[in-house]
file protein_2.cif (mmCIF, C-alpha atoms and all ligand atoms)
data_model
#
loop_
_atom_site.label_atom_id
_atom_site.label_comp_id
_atom_site.auth_asym_id
_atom_site.auth_seq_id
_atom_site.Cartn_x
_atom_site.Cartn_y
_atom_site.Cartn_z
CA MET E 1 -50.47 -56.49 4.74
CA PRO E 2 -46.80 -55.68 4.53
CA THR E 3 -45.14 -55.38 7.89
CA HIS E 4 -42.38 -53.08 6.69
CA HIS E 5 -42.11 -49.70 5.02
CA ILE E 6 -42.66 -49.83 1.28
CA ILE E 7 -41.69 -46.98 -1.00
CA ALA E 8 -43.33 -47.38 -4.41
CA ILE E 9 -41.56 -45.79 -7.37
CA ASP E 10 -43.52 -46.13 -10.60
CA GLY E 11 -43.01 -44.61 -14.02
CA PRO E 12 -42.43 -45.27 -17.71
CA ALA E 13 -39.29 -46.72 -19.28
CA ALA E 14 -36.12 -44.62 -18.98
CA SER E 15 -37.77 -42.05 -16.72
CA GLY E 16 -34.82 -42.38 -14.36
CA LYS E 17 -36.76 -44.41 -11.81
CA SER E 18 -34.14 -47.16 -11.47
CA SER E 19 -31.32 -44.76 -10.64
CA VAL E 20 -33.58 -42.83 -8.31
CA ALA E 21 -34.90 -45.94 -6.58
CA ARG E 22 -31.40 -47.34 -6.06
CA ALA E 23 -30.02 -44.09 -4.68
CA LEU E 24 -33.07 -43.63 -2.46
CA ALA E 25 -32.73 -47.15 -1.06
CA GLN E 26 -29.11 -46.47 -0.29
CA ARG E 27 -29.89 -43.22 1.51
CA LEU E 28 -32.63 -44.82 3.56
CA GLY E 29 -30.75 -48.04 4.22
CA PHE E 30 -33.64 -49.99 2.61
CA SER E 31 -33.43 -52.84 0.14
CA TYR E 32 -33.96 -52.13 -3.55
CA VAL E 33 -36.34 -54.25 -5.60
CA ASN E 34 -36.56 -53.92 -9.36
CA SER E 35 -39.88 -55.46 -10.39
CA GLY E 36 -39.19 -54.82 -14.10
CA ALA E 37 -36.21 -57.16 -13.78
CA MET E 38 -38.61 -59.88 -12.57
CA TYR E 39 -40.77 -59.53 -15.68
CA ARG E 40 -37.60 -59.48 -17.75
CA ALA E 41 -36.38 -62.67 -16.05
CA VAL E 42 -39.59 -64.52 -16.91
CA THR E 43 -39.41 -63.16 -20.47
CA TRP E 44 -35.86 -64.45 -20.85
CA HIS E 45 -36.92 -67.83 -19.49
CA VAL E 46 -39.85 -68.09 -21.92
CA LEU E 47 -37.60 -67.14 -24.84
CA GLN E 48 -34.96 -69.63 -23.69
CA ARG E 49 -37.56 -72.36 -23.83
CA GLY E 50 -38.32 -71.38 -27.42
CA LEU E 51 -41.94 -70.54 -26.66
CA ASN E 52 -44.04 -68.12 -28.68
CA VAL E 53 -44.52 -64.98 -26.60
CA HIS E 54 -47.66 -64.24 -28.58
CA GLU E 55 -49.37 -67.24 -26.98
CA PRO E 56 -50.47 -66.14 -23.52
CA ALA E 57 -51.53 -69.64 -22.49
CA ALA E 58 -48.07 -71.08 -23.23
CA VAL E 59 -46.40 -68.18 -21.40
CA ALA E 60 -48.69 -68.63 -18.40
CA THR E 61 -48.03 -72.38 -18.22
CA ALA E 62 -44.27 -71.92 -18.54
CA THR E 63 -44.31 -69.41 -15.70
CA GLU E 64 -46.43 -71.67 -13.52
CA GLN E 65 -44.07 -74.59 -14.12
CA SER E 66 -40.90 -72.68 -13.41
CA ARG E 67 -39.28 -72.58 -10.00
CA ILE E 68 -38.95 -68.94 -9.04
CA VAL E 69 -36.79 -68.05 -6.06
CA CYS E 70 -36.60 -64.42 -4.97
CA ASP E 71 -34.07 -63.18 -2.47
CA LEU E 72 -32.00 -60.18 -1.56
CA VAL E 73 -28.29 -60.09 -2.30
CA ASP E 74 -26.34 -57.02 -1.20
CA ASN E 75 -29.62 -55.29 -0.39
CA GLN E 76 -30.88 -55.80 -3.92
CA SER E 77 -33.49 -58.13 -5.34
CA ARG E 78 -32.33 -61.16 -7.25
CA MET E 79 -34.49 -63.77 -8.88
CA LEU E 80 -33.45 -67.28 -9.84
CA ILE E 81 -35.60 -69.12 -12.33
CA ASP E 82 -35.18 -72.89 -12.51
CA ASP E 83 -31.86 -72.36 -10.73
CA HIS E 84 -30.57 -69.99 -13.43
CA ASP E 85 -29.54 -66.43 -12.71
CA PRO E 86 -30.87 -64.46 -15.68
CA THR E 87 -29.23 -61.16 -14.60
CA PRO E 88 -26.73 -60.94 -17.50
CA HIS E 89 -29.51 -61.34 -20.07
CA LEU E 90 -32.14 -58.93 -18.80
CA ARG E 91 -31.30 -56.11 -21.20
CA GLU E 92 -30.85 -58.19 -24.34
CA ASP E 93 -32.66 -56.95 -27.43
CA ASP E 94 -35.08 -59.87 -27.66
CA VAL E 95 -36.00 -59.45 -23.99
CA ASN E 96 -36.58 -55.69 -24.54
CA ARG E 97 -38.87 -56.54 -27.43
CA ALA E 98 -40.90 -59.27 -25.72
CA VAL E 99 -41.21 -58.07 -22.15
CA SER E 100 -44.33 -55.94 -22.64
CA LEU E 101 -46.16 -58.93 -24.12
CA VAL E 102 -45.07 -61.34 -21.41
CA SER E 103 -45.88 -58.89 -18.64
CA SER E 104 -49.38 -58.41 -20.02
CA VAL E 105 -50.30 -62.02 -19.26
CA PRO E 106 -52.49 -61.89 -16.12
CA ARG E 107 -51.21 -65.20 -14.72
CA VAL E 108 -47.60 -63.99 -15.01
CA ARG E 109 -48.51 -60.84 -13.11
CA GLU E 110 -50.35 -62.79 -10.43
CA ILE E 111 -47.34 -65.00 -9.80
CA LEU E 112 -44.79 -62.20 -9.77
CA VAL E 113 -46.93 -59.84 -7.68
CA ALA E 114 -47.05 -62.52 -4.98
CA HIS E 115 -43.25 -62.59 -4.97
CA MET E 116 -43.10 -58.79 -4.82
CA ARG E 117 -45.38 -58.78 -1.79
CA GLY E 118 -43.07 -61.38 -0.27
CA TYR E 119 -40.26 -58.84 -0.30
CA GLY E 120 -42.46 -56.43 1.64
CA LYS E 121 -42.90 -59.05 4.35
CA LYS E 122 -39.14 -59.46 4.77
CA GLU E 123 -37.65 -55.99 4.64
CA ASN E 124 -38.11 -52.26 4.26
CA VAL E 125 -37.97 -51.82 0.51
CA VAL E 126 -37.87 -49.29 -2.25
CA MET E 127 -39.63 -51.06 -5.13
CA GLU E 128 -39.70 -49.73 -8.65
CA GLY E 129 -42.08 -50.70 -11.43
CA ARG E 130 -45.25 -49.74 -13.24
CA ASP E 131 -48.02 -50.67 -10.82
CA ILE E 132 -46.35 -50.87 -7.41
CA GLY E 133 -48.39 -48.02 -5.92
CA SER E 134 -51.61 -48.91 -7.75
CA VAL E 135 -51.73 -52.72 -7.53
CA VAL E 136 -48.88 -54.37 -5.64
CA PHE E 137 -48.90 -52.20 -2.50
CA PRO E 138 -51.96 -49.94 -2.81
CA GLU E 139 -51.98 -49.45 0.96
CA THR E 140 -48.53 -47.89 1.26
CA PRO E 141 -48.66 -44.14 1.93
CA PHE E 142 -45.31 -43.65 0.16
CA LYS E 143 -45.96 -43.53 -3.59
CA PHE E 144 -44.08 -41.70 -6.28
CA TYR E 145 -44.55 -41.50 -10.00
CA ILE E 146 -41.36 -40.57 -11.81
CA ASP E 147 -41.66 -39.14 -15.30
CA ALA E 148 -39.55 -37.39 -17.93
CA SER E 149 -40.29 -36.01 -21.37
CA PRO E 150 -40.18 -38.59 -24.20
CA GLU E 151 -37.15 -36.83 -25.77
CA VAL E 152 -35.19 -37.00 -22.52
CA ARG E 153 -36.09 -40.66 -22.07
CA VAL E 154 -34.96 -41.65 -25.57
CA ARG E 155 -31.71 -39.74 -25.01
CA ARG E 156 -31.09 -41.53 -21.71
CA ARG E 157 -31.51 -44.96 -23.26
CA LEU E 158 -29.20 -44.06 -26.13
CA ALA E 159 -26.62 -42.78 -23.67
CA GLU E 160 -26.79 -46.19 -22.04
CA GLY E 161 -25.89 -47.65 -25.42
CA GLN E 162 -29.26 -49.40 -25.61
CA ARG E 163 -31.74 -49.82 -28.37
CA ASP E 164 -35.10 -49.91 -26.72
CA GLU E 165 -38.41 -49.14 -28.39
CA ILE E 166 -39.54 -46.87 -25.62
CA ALA E 167 -42.56 -45.40 -27.39
CA ALA E 168 -43.87 -48.84 -28.35
CA ARG E 169 -43.30 -50.18 -24.86
CA ASP E 170 -45.05 -47.15 -23.31
CA ARG E 171 -48.05 -47.75 -25.55
CA ALA E 172 -48.19 -51.44 -24.72
CA ASP E 173 -47.63 -50.91 -20.98
CA SER E 174 -50.32 -48.20 -20.79
CA SER E 175 -52.98 -49.89 -22.86
CA ARG E 176 -52.91 -53.47 -21.59
CA VAL E 177 -55.86 -54.80 -19.66
CA ALA E 178 -53.94 -56.26 -16.70
CA SER E 179 -52.47 -53.54 -14.43
CA PRO E 180 -51.76 -50.88 -17.03
CA LEU E 181 -49.26 -48.15 -16.25
CA VAL E 182 -51.39 -45.65 -14.34
CA ILE E 183 -50.62 -42.95 -11.83
CA ALA E 184 -52.03 -43.97 -8.44
CA PRO E 185 -54.32 -41.14 -7.31
CA ASP E 186 -52.33 -40.62 -4.12
CA ALA E 187 -48.88 -40.70 -5.79
CA ALA E 188 -46.61 -37.65 -5.92
CA VAL E 189 -45.60 -37.01 -9.53
CA ILE E 190 -42.02 -35.86 -10.13
CA ASP E 191 -40.74 -34.82 -13.55
CA THR E 192 -37.03 -35.62 -13.72
CA SER E 193 -36.35 -34.09 -17.17
CA ALA E 194 -34.35 -31.21 -15.71
CA LEU E 195 -33.26 -32.77 -12.42
CA THR E 196 -30.24 -34.77 -11.31
CA ILE E 197 -30.71 -38.10 -9.56
CA ASP E 198 -29.72 -36.53 -6.27
CA GLY E 199 -32.16 -33.68 -6.86
CA VAL E 200 -35.02 -36.17 -7.28
CA VAL E 201 -33.92 -38.17 -4.25
CA ASP E 202 -33.80 -34.97 -2.18
CA GLN E 203 -37.38 -34.17 -3.19
CA ILE E 204 -38.56 -37.66 -2.33
CA MET E 205 -36.75 -37.59 1.02
CA GLN E 206 -38.48 -34.33 1.92
CA ARG E 207 -41.88 -35.77 1.11
CA LEU E 208 -41.17 -38.98 3.01
CA VAL E 209 -40.21 -37.04 6.12
CA ALA E 210 -43.33 -34.86 5.72
CA LYS E 211 -45.43 -38.03 5.53
CA GLY E 212 -43.95 -39.29 8.75
CA LEU E 213 -41.45 -41.92 7.58
CA PRO E 214 -38.88 -42.25 10.34
CA VAL E 215 -35.65 -41.44 8.52
CA HIS E 216 -32.46 -42.17 10.35
CA SER E 217 -30.08 -43.07 7.64
CA GLN E 218 -26.46 -43.76 8.48
CA THR E 219 -25.54 -42.18 5.17
CA ALA E 220 -27.49 -38.98 5.71
CA THR E 221 -24.29 -37.15 6.66
CA PRO E 222 -24.19 -34.22 4.29
CA GLY E 223 -20.41 -34.40 3.64
CA GLY E 224 -20.15 -33.60 -0.05
CA GLN E 225 -17.36 -31.06 0.20
CA ARG E 226 -17.65 -28.31 -2.38
CA MET E 227 -14.74 -27.62 -4.66
CA ASN E 228 -12.38 -24.82 -3.65
CA PRO E 229 -11.10 -22.65 -6.54
CA TYR E 230 -7.84 -24.62 -6.80
CA TYR E 231 -9.66 -27.92 -6.92
CA TRP E 232 -12.12 -26.58 -9.45
CA LEU E 233 -9.30 -25.34 -11.64
CA GLY E 234 -7.39 -28.64 -11.43
CA TYR E 235 -10.60 -30.57 -12.10
CA THR E 236 -11.56 -28.48 -15.10
CA LEU E 237 -8.08 -28.24 -16.58
CA SER E 238 -7.40 -31.95 -16.27
CA ARG E 239 -10.66 -32.69 -18.04
CA LEU E 240 -10.13 -30.19 -20.83
CA LEU E 241 -6.56 -31.31 -21.46
CA ALA E 242 -7.49 -34.96 -21.35
CA GLN E 243 -10.40 -34.36 -23.71
CA SER E 244 -8.17 -32.55 -26.21
CA PHE E 245 -5.16 -34.86 -26.08
CA PHE E 246 -6.58 -38.24 -25.09
CA ARG E 247 -10.16 -37.99 -26.34
CA PHE E 248 -11.05 -38.59 -22.72
CA ARG E 249 -14.62 -39.63 -21.96
CA ILE E 250 -16.51 -40.93 -18.96
CA MET E 251 -19.33 -43.37 -19.55
CA HIS E 252 -22.27 -43.74 -17.13
CA ARG E 253 -21.36 -40.76 -15.01
CA GLU E 254 -25.05 -40.76 -14.01
CA ARG E 255 -24.35 -43.82 -11.85
CA MET E 256 -22.14 -41.82 -9.50
CA ILE E 257 -23.41 -41.25 -5.97
CA GLN E 258 -23.17 -37.53 -5.33
CA SER E 259 -23.62 -37.37 -1.56
CA GLY E 260 -22.65 -39.19 1.59
CA PRO E 261 -19.62 -41.41 2.23
CA LEU E 262 -18.37 -43.06 -0.92
CA ILE E 263 -15.42 -45.05 -2.21
CA LEU E 264 -14.56 -44.66 -5.87
CA ALA E 265 -12.64 -47.85 -6.65
CA MET E 266 -10.70 -47.96 -9.90
CA ASN E 267 -8.01 -50.09 -11.53
CA HIS E 268 -4.67 -48.28 -11.62
CA GLN E 269 -2.72 -47.69 -14.81
CA SER E 270 -0.91 -44.37 -14.70
CA PHE E 271 -0.27 -41.08 -12.92
CA PHE E 272 -3.13 -39.65 -14.97
CA ASP E 273 -5.64 -41.79 -13.08
CA PRO E 274 -6.37 -39.66 -9.97
CA PRO E 275 -7.34 -36.38 -11.70
CA LEU E 276 -9.30 -38.26 -14.36
CA ALA E 277 -11.13 -40.40 -11.80
CA GLY E 278 -11.94 -37.22 -9.88
CA ASN E 279 -13.82 -36.02 -12.93
CA ALA E 280 -16.38 -38.79 -12.49
CA SER E 281 -17.83 -36.95 -9.49
CA ASN E 282 -19.41 -33.50 -9.16
CA ARG E 283 -17.95 -33.02 -5.74
CA ALA E 284 -14.46 -32.59 -4.37
CA ILE E 285 -13.13 -36.05 -3.57
CA PHE E 286 -10.08 -36.94 -1.47
CA PHE E 287 -6.90 -38.60 -2.71
CA LEU E 288 -4.08 -40.22 -0.79
CA ALA E 289 -0.45 -39.68 -1.75
CA ARG E 290 2.91 -40.66 -0.36
CA LYS E 291 4.26 -38.04 2.08
CA THR E 292 7.49 -37.68 0.10
CA LEU E 293 5.53 -36.36 -2.86
CA LEU E 294 4.73 -33.29 -0.79
CA ASP E 295 8.37 -32.66 0.17
CA HIS E 296 8.87 -30.30 -2.73
CA TRP E 297 7.81 -26.72 -1.83
CA PHE E 298 5.45 -26.37 -4.80
CA TRP E 299 3.66 -29.70 -4.41
CA GLY E 300 3.63 -29.29 -0.65
CA TRP E 301 1.73 -26.06 -1.20
CA LEU E 302 -0.59 -27.15 -4.02
CA LEU E 303 -1.52 -30.77 -3.33
CA PRO E 304 -3.31 -30.20 0.00
CA LYS E 305 -5.50 -27.65 -1.82
CA LEU E 306 -6.41 -30.44 -4.25
CA ASN E 307 -7.61 -32.61 -1.35
CA VAL E 308 -4.47 -34.75 -1.39
CA ILE E 309 -3.88 -36.28 2.04
CA PRO E 310 -0.28 -37.27 2.79
CA VAL E 311 0.27 -40.79 4.13
CA ASP E 312 3.42 -42.78 4.93
CA GLN E 313 2.84 -44.98 1.93
CA GLU E 314 -0.03 -45.63 -0.42
CA GLY E 315 -1.64 -49.06 -0.56
CA SER E 316 -2.38 -51.06 2.55
CA ASP E 317 -0.24 -48.94 4.84
CA ARG E 318 -1.83 -48.28 8.27
CA SER E 319 -1.74 -44.52 8.00
CA ALA E 320 -3.43 -44.76 4.60
CA LEU E 321 -6.21 -46.98 5.92
CA LYS E 322 -6.78 -44.69 8.89
CA ALA E 323 -6.96 -41.65 6.62
CA LEU E 324 -9.52 -43.36 4.39
CA ILE E 325 -11.70 -44.30 7.34
CA ARG E 326 -11.54 -40.73 8.67
CA ILE E 327 -12.55 -39.28 5.29
CA LEU E 328 -15.49 -41.67 4.94
CA ARG E 329 -16.72 -41.15 8.49
CA ALA E 330 -16.85 -37.44 7.69
CA GLY E 331 -19.30 -38.28 4.88
CA GLU E 332 -16.82 -37.56 2.10
CA ALA E 333 -15.78 -39.42 -1.04
CA THR E 334 -12.35 -40.86 -1.72
CA LEU E 335 -10.53 -42.62 -4.51
CA VAL E 336 -9.04 -46.05 -3.83
CA PHE E 337 -7.02 -48.31 -6.11
CA PRO E 338 -7.88 -51.85 -4.93
CA GLU E 339 -4.81 -53.26 -6.71
CA GLY E 340 -2.56 -51.02 -4.62
CA ALA E 341 -0.16 -50.05 -7.42
CA ARG E 342 -0.04 -49.24 -11.11
CA THR E 343 -0.16 -52.12 -13.56
CA LEU E 344 3.02 -53.02 -15.40
CA ASP E 345 1.47 -54.71 -18.42
CA GLY E 346 -1.92 -53.00 -18.67
CA ASN E 347 -3.80 -55.99 -17.26
CA LEU E 348 -5.91 -55.98 -14.11
CA GLN E 349 -4.05 -57.17 -11.02
CA PRO E 350 -5.27 -59.03 -7.92
CA ALA E 351 -7.08 -57.00 -5.27
CA GLN E 352 -5.34 -56.16 -1.98
CA PRO E 353 -7.26 -56.58 1.28
CA GLY E 354 -6.92 -52.90 2.34
CA LEU E 355 -10.07 -51.79 0.56
CA GLY E 356 -12.05 -54.62 2.20
CA LEU E 357 -10.93 -53.49 5.62
CA VAL E 358 -12.08 -49.94 4.92
CA ILE E 359 -15.45 -51.25 3.71
CA ALA E 360 -15.79 -53.39 6.84
CA LYS E 361 -15.06 -50.41 9.10
CA THR E 362 -17.35 -47.93 7.35
CA LEU E 363 -19.92 -49.85 5.27
CA ALA E 364 -19.46 -47.08 2.72
CA PRO E 365 -20.86 -47.85 -0.72
CA VAL E 366 -18.40 -48.40 -3.55
CA VAL E 367 -18.72 -47.16 -7.10
CA PRO E 368 -16.52 -49.44 -9.25
CA MET E 369 -14.82 -47.71 -12.16
CA ARG E 370 -12.55 -48.99 -14.87
CA ILE E 371 -10.03 -46.94 -16.79
CA PHE E 372 -8.97 -47.95 -20.30
CA GLY E 373 -6.11 -46.57 -22.37
CA ALA E 374 -4.13 -44.79 -19.63
CA HIS E 375 -1.54 -47.58 -19.70
CA GLU E 376 -1.11 -47.12 -23.45
CA ALA E 377 -0.93 -43.33 -22.94
CA TRP E 378 1.63 -43.42 -20.15
CA ALA E 379 2.90 -46.85 -19.14
CA ARG E 380 4.47 -47.33 -15.74
CA GLY E 381 8.23 -46.70 -15.94
CA SER E 382 7.95 -45.08 -19.35
CA LYS E 383 9.21 -41.57 -20.05
CA LYS E 384 7.11 -41.29 -23.19
CA ILE E 385 3.54 -40.10 -23.31
CA ARG E 386 1.44 -41.24 -26.27
CA LEU E 387 -1.84 -39.63 -27.37
CA HIS E 388 -3.88 -42.77 -26.86
CA PRO E 389 -7.64 -42.39 -26.13
CA ILE E 390 -8.59 -42.79 -22.46
CA THR E 391 -12.01 -43.89 -21.24
CA ILE E 392 -13.42 -44.34 -17.76
CA VAL E 393 -16.52 -46.50 -17.35
CA VAL E 394 -18.52 -46.04 -14.15
CA GLY E 395 -20.28 -49.15 -12.81
CA HIS E 396 -23.36 -49.57 -10.64
CA PRO E 397 -22.81 -48.76 -6.97
CA ILE E 398 -22.19 -51.72 -4.65
CA PHE E 399 -23.90 -51.55 -1.27
CA PHE E 400 -22.72 -53.60 1.68
CA THR E 401 -24.66 -54.77 4.70
CA GLN E 402 -23.89 -55.94 8.21
CA ALA E 403 -24.25 -59.50 6.91
CA ASP E 404 -21.21 -58.95 4.69
CA ILE E 405 -19.05 -58.14 7.68
CA ALA E 406 -20.57 -60.49 10.25
CA GLU E 407 -17.12 -62.04 10.47
CA ARG E 408 -13.88 -60.08 10.53
CA GLY E 409 -10.41 -60.96 9.43
CA LYS E 410 -8.07 -60.84 6.52
CA ASP E 411 -10.02 -63.42 4.49
CA VAL E 412 -13.21 -61.41 4.77
CA TYR E 413 -11.41 -58.21 3.78
CA GLN E 414 -9.80 -59.99 0.87
CA ARG E 415 -13.18 -61.28 -0.32
CA LEU E 416 -14.76 -57.82 -0.09
CA SER E 417 -11.91 -56.34 -2.13
CA GLU E 418 -12.24 -59.14 -4.66
CA ARG E 419 -15.94 -58.50 -5.00
CA VAL E 420 -15.18 -54.91 -5.96
CA MET E 421 -12.39 -55.98 -8.32
CA ASN E 422 -14.75 -58.45 -10.02
CA GLU E 423 -17.24 -55.67 -10.66
CA ILE E 424 -14.44 -53.54 -12.12
CA ALA E 425 -13.43 -56.44 -14.36
CA LYS E 426 -16.99 -56.75 -15.70
CA LEU E 427 -16.96 -53.20 -17.07
CA THR E 428 -16.20 -53.03 -20.77
CA ILE E 429 -14.98 -50.14 -22.87
CA ASP E 430 -18.33 -49.87 -24.66
CA GLY E 431 -20.01 -49.10 -21.35
CA ASN E 432 -21.53 -52.49 -20.55
CA GLY E 433 -21.24 -54.36 -17.30
O1 LIG X 1 -38.68 -51.14 -15.77
P1 LIG X 1 -38.35 -52.03 -16.98
O2 LIG X 1 -38.21 -51.22 -18.23
O3 LIG X 1 -37.16 -52.91 -16.72
O4 LIG X 1 -39.61 -52.98 -17.15
C1 LIG X 1 -39.69 -53.93 -18.16
C2 LIG X 1 -41.12 -54.24 -18.54
O5 LIG X 1 -41.78 -54.93 -17.48
C3 LIG X 1 -41.99 -53.04 -18.87
O6 LIG X 1 -42.05 -52.83 -20.26
C4 LIG X 1 -43.34 -53.37 -18.31
C5 LIG X 1 -43.12 -54.49 -17.37
N1 LIG X 1 -43.38 -54.16 -15.97
C6 LIG X 1 -44.66 -54.27 -15.52
O7 LIG X 1 -45.53 -54.59 -16.29
N2 LIG X 1 -44.95 -54.04 -14.21
C7 LIG X 1 -43.99 -53.66 -13.36
N3 LIG X 1 -44.28 -53.44 -12.08
C8 LIG X 1 -42.66 -53.52 -13.82
C9 LIG X 1 -42.39 -53.77 -15.14
#

call {"tool": "encode", "arguments": {"input": "protein_2.cif", "output": "C-alpha cells"}}
result
Amino acid sequence: MPTHHIIAIDGPAASGKSSVARALAQRLGFSYVNSGAMYRAVTWHVLQRGLNVHEPAAVATATEQSRIVCDLVDNQSRMLIDDHDPTPHLREDDVNRAVSLVSSVPRVREILVAHMRGYGKKENVVMEGRDIGSVVFPETPFKFYIDASPEVRVRRRLAEGQRDEIAARDRADSSRVASPLVIAPDAAVIDTSALTIDGVVDQIMQRLVAKGLPVHSQTATPGGQRMNPYYWLGYTLSRLLAQSFFRFRIMHRERMIQSGPLILAMNHQSFFDPPLAGNASNRAIFFLARKTLLDHWFWGWLLPKLNVIPVDQEGSDRSALKALIRILRAGEATLVFPEGARTLDGNLQPAQPGLGLVIAKTLAPVVPMRIFGAHEAWARGSKKIRLHPITIVVGHPIFFTQADIAERGKDVYQRLSERVMNEIAKLTIDGNG
C-alpha cells in the first residue's frame, strides 16, 4: 500500500498528459513521475545492447540483468540503467518505434511497476502513464484519464518537431495482453482537445479538492495579473512587428506556466528581448529597468503601465533583487536575465548569482528560454538594425525544492543560477533541449 498521495494520470500518446501532470505536480508541490520515460529507458538500453526487440525472452533477460536505480531529482523521476542516464535518448526515433514492443513484455512491466510503486512509498506523486490507475496504483482514489482527438494529438507531436507513429503506438498499447491502455472504471475522463494546460489542471484541482485531497499548495496564489489595455497593445504590437520584420516565432510556448509565481529566465542579446520574451506568456509579466530610463516624461508615463518596475540598477543590484522577490511573493511572473547584461559577441555569458538568490528566497519555478538572432538583428552598441530572423525557444520548467537551498551563501546562489543557465544553453534553435 502506498503511504502517500498518488495522482494517476493516464492517457494515449500526445494527449497532453505529460504537460498536465508536470503542471499539476508543481501546483500541488508533489513529485512528478513519468512512467513512459522508464519504459523508454529500458528500450534504449535494449537497443544499445544490440538486442532484437522482437524477442521478448531476450528483452526480459536484459532487463532482469540491468541495474535500475530510480530516484527523484528536482522533484522529478530519474532512472539510471547500468549507471547510464538515458534521458537525452528517450525521444530518439528508434526508441519511439520500439517502445511499444518492449513495454509489452510482461517481465519488463513487472520490474518497472515495482519501481513505480517504490516512488509511491517515498513521496506524494503525480504519476503519468498508461496503466497507473488500473494496474500500478488501483487503490488510489485520484485517477484521471486524459484524452484528445487523434488530429489534435498528431498536431501536437508535429509541433514538438517529432515524428512519432501515434496511431500505430495507440493500437499496440491498447491491444497488448499485459496491462493494455484502458480507462480505469473510477477514473475521471478529461478531453483536452479544446483546453489549455492550465484549464485541464484547474479541472483536476477542483476534482481533487472535491474528493478530499488536502490541497495547500504554496503556489496556489492566484497572481496572474491580467493585461491592462496599454500592456495588451504593447504586447500585441511588439509581436506583430517582430513577426513582420524579424520572422519572429516562439517554440514550445505550451511549456509556459500560466499561473502562480514564475521566473522567465532568458539569455540577453538586445533591447528587443523584454517585449519579445513577454510574448511567451499569456499573462502580464513584470520587467525591471534602470530608474534613469524613466526620467524622460514619456517613458516615465508609459513604462509603469507596461509593468516596468524602476530599480537603481539592473542585474544583481539590491533594489532589483528586492523588487523581484516582492513580485514573486505576490504570485506574479517576472523576466530575469541570468547573465545580467547584453552579450557583446552573441555568445552565452556566465550566470550571475542574483537569480540564484531570488530562487533561494522564493522557490519560484523557472522557465528557461533562449533567444536566437536578436544579436544579429540589433547588436549591443550598434546603431544599425538588420532584419535577421529572431526565435525564442521555451524550455521545460525547472522546479526547486527545500533540498536545493538547504545551505545558503553565494556559492549556492551561483550554482542555482548556473543550473538555469545550463538549461538555457541546452535549448537549440530547432526547438530541442
Ligand atoms: O508516455 P510515453 O509516450 O512516453 O510512453 C512510451 C511508451 O511506454 C508507450 O507507447 C507505452 C509504454 N507505457 C506503458 O506501457 N505503460 C505506462 N504506464 C507508460 C508507458

call {"tool": "residues_around", "arguments": {"input": "protein_2.cif", "residues": "stretch 199-216 of chain E", "least_positions_apart": "5", "cutoff": "12 Å", "atoms": "all atoms listed in the file", "output": "tab-separated table (two decimals) with C-alpha atoms, in the coordinates of the input"}}
result
chain	number	residue	atom	x	y	z
E	4	HIS	CA	-42.38	-53.08	6.69
E	5	HIS	CA	-42.11	-49.70	5.02
E	6	ILE	CA	-42.66	-49.83	1.28
E	7	ILE	CA	-41.69	-46.98	-1.00
E	8	ALA	CA	-43.33	-47.38	-4.41
E	9	ILE	CA	-41.56	-45.79	-7.37
E	15	SER	CA	-37.77	-42.05	-16.72
E	16	GLY	CA	-34.82	-42.38	-14.36
E	17	LYS	CA	-36.76	-44.41	-11.81
E	18	SER	CA	-34.14	-47.16	-11.47
E	19	SER	CA	-31.32	-44.76	-10.64
E	20	VAL	CA	-33.58	-42.83	-8.31
E	21	ALA	CA	-34.90	-45.94	-6.58
E	22	ARG	CA	-31.40	-47.34	-6.06
E	23	ALA	CA	-30.02	-44.09	-4.68
E	24	LEU	CA	-33.07	-43.63	-2.46
E	25	ALA	CA	-32.73	-47.15	-1.06
E	26	GLN	CA	-29.11	-46.47	-0.29
E	27	ARG	CA	-29.89	-43.22	1.51
E	28	LEU	CA	-32.63	-44.82	3.56
E	29	GLY	CA	-30.75	-48.04	4.22
E	30	PHE	CA	-33.64	-49.99	2.61
E	124	ASN	CA	-38.11	-52.26	4.26
E	126	VAL	CA	-37.87	-49.29	-2.25
E	140	THR	CA	-48.53	-47.89	1.26
E	141	PRO	CA	-48.66	-44.14	1.93
E	142	PHE	CA	-45.31	-43.65	0.16
E	143	LYS	CA	-45.96	-43.53	-3.59
E	144	PHE	CA	-44.08	-41.70	-6.28
E	145	TYR	CA	-44.55	-41.50	-10.00
E	146	ILE	CA	-41.36	-40.57	-11.81
E	147	ASP	CA	-41.66	-39.14	-15.30
E	148	ALA	CA	-39.55	-37.39	-17.93
E	187	ALA	CA	-48.88	-40.70	-5.79
E	188	ALA	CA	-46.61	-37.65	-5.92
E	189	VAL	CA	-45.60	-37.01	-9.53
E	190	ILE	CA	-42.02	-35.86	-10.13
E	191	ASP	CA	-40.74	-34.82	-13.55
E	192	THR	CA	-37.03	-35.62	-13.72
E	193	SER	CA	-36.35	-34.09	-17.17
E	194	ALA	CA	-34.35	-31.21	-15.71
E	221	THR	CA	-24.29	-37.15	6.66
E	222	PRO	CA	-24.19	-34.22	4.29
E	257	ILE	CA	-23.41	-41.25	-5.97
E	258	GLN	CA	-23.17	-37.53	-5.33
E	259	SER	CA	-23.62	-37.37	-1.56

call {"tool": "residues_near_ligand", "arguments": {"input": "protein_2.cif", "ligand": "ligand LIG 1 (chain X)", "cutoff": "6 Å", "atoms": "all atoms listed in the file", "output": "PyMOL selection string"}}
result
chain E and resi 13+35-37+39-40+99-100+103+129-132+169+173

call {"tool": "write_last_selection", "arguments": {"input": "protein_2.cif", "atoms": "C-alpha atoms", "output": "compact mmCIF listing (two decimals), in the coordinates of the input"}}
result
# COMPACT_ATOMS: atom_id res chain seq x y z
CA ALA E 13 -39.29 -46.72 -19.28
CA SER E 35 -39.88 -55.46 -10.39
CA GLY E 36 -39.19 -54.82 -14.10
CA ALA E 37 -36.21 -57.16 -13.78
CA TYR E 39 -40.77 -59.53 -15.68
CA ARG E 40 -37.60 -59.48 -17.75
CA VAL E 99 -41.21 -58.07 -22.15
CA SER E 100 -44.33 -55.94 -22.64
CA SER E 103 -45.88 -58.89 -18.64
CA GLY E 129 -42.08 -50.70 -11.43
CA ARG E 130 -45.25 -49.74 -13.24
CA ASP E 131 -48.02 -50.67 -10.82
CA ILE E 132 -46.35 -50.87 -7.41
CA ARG E 169 -43.30 -50.18 -24.86
CA ASP E 173 -47.63 -50.91 -20.98

call {"tool": "closest_residue", "arguments": {"input": "protein_2.cif", "among": "E:Val42, E:Leu181, E:Ala14, E:Asp317", "to": "E:Glu151", "atoms": "all atoms listed in the file"}}
result
E:Ala14
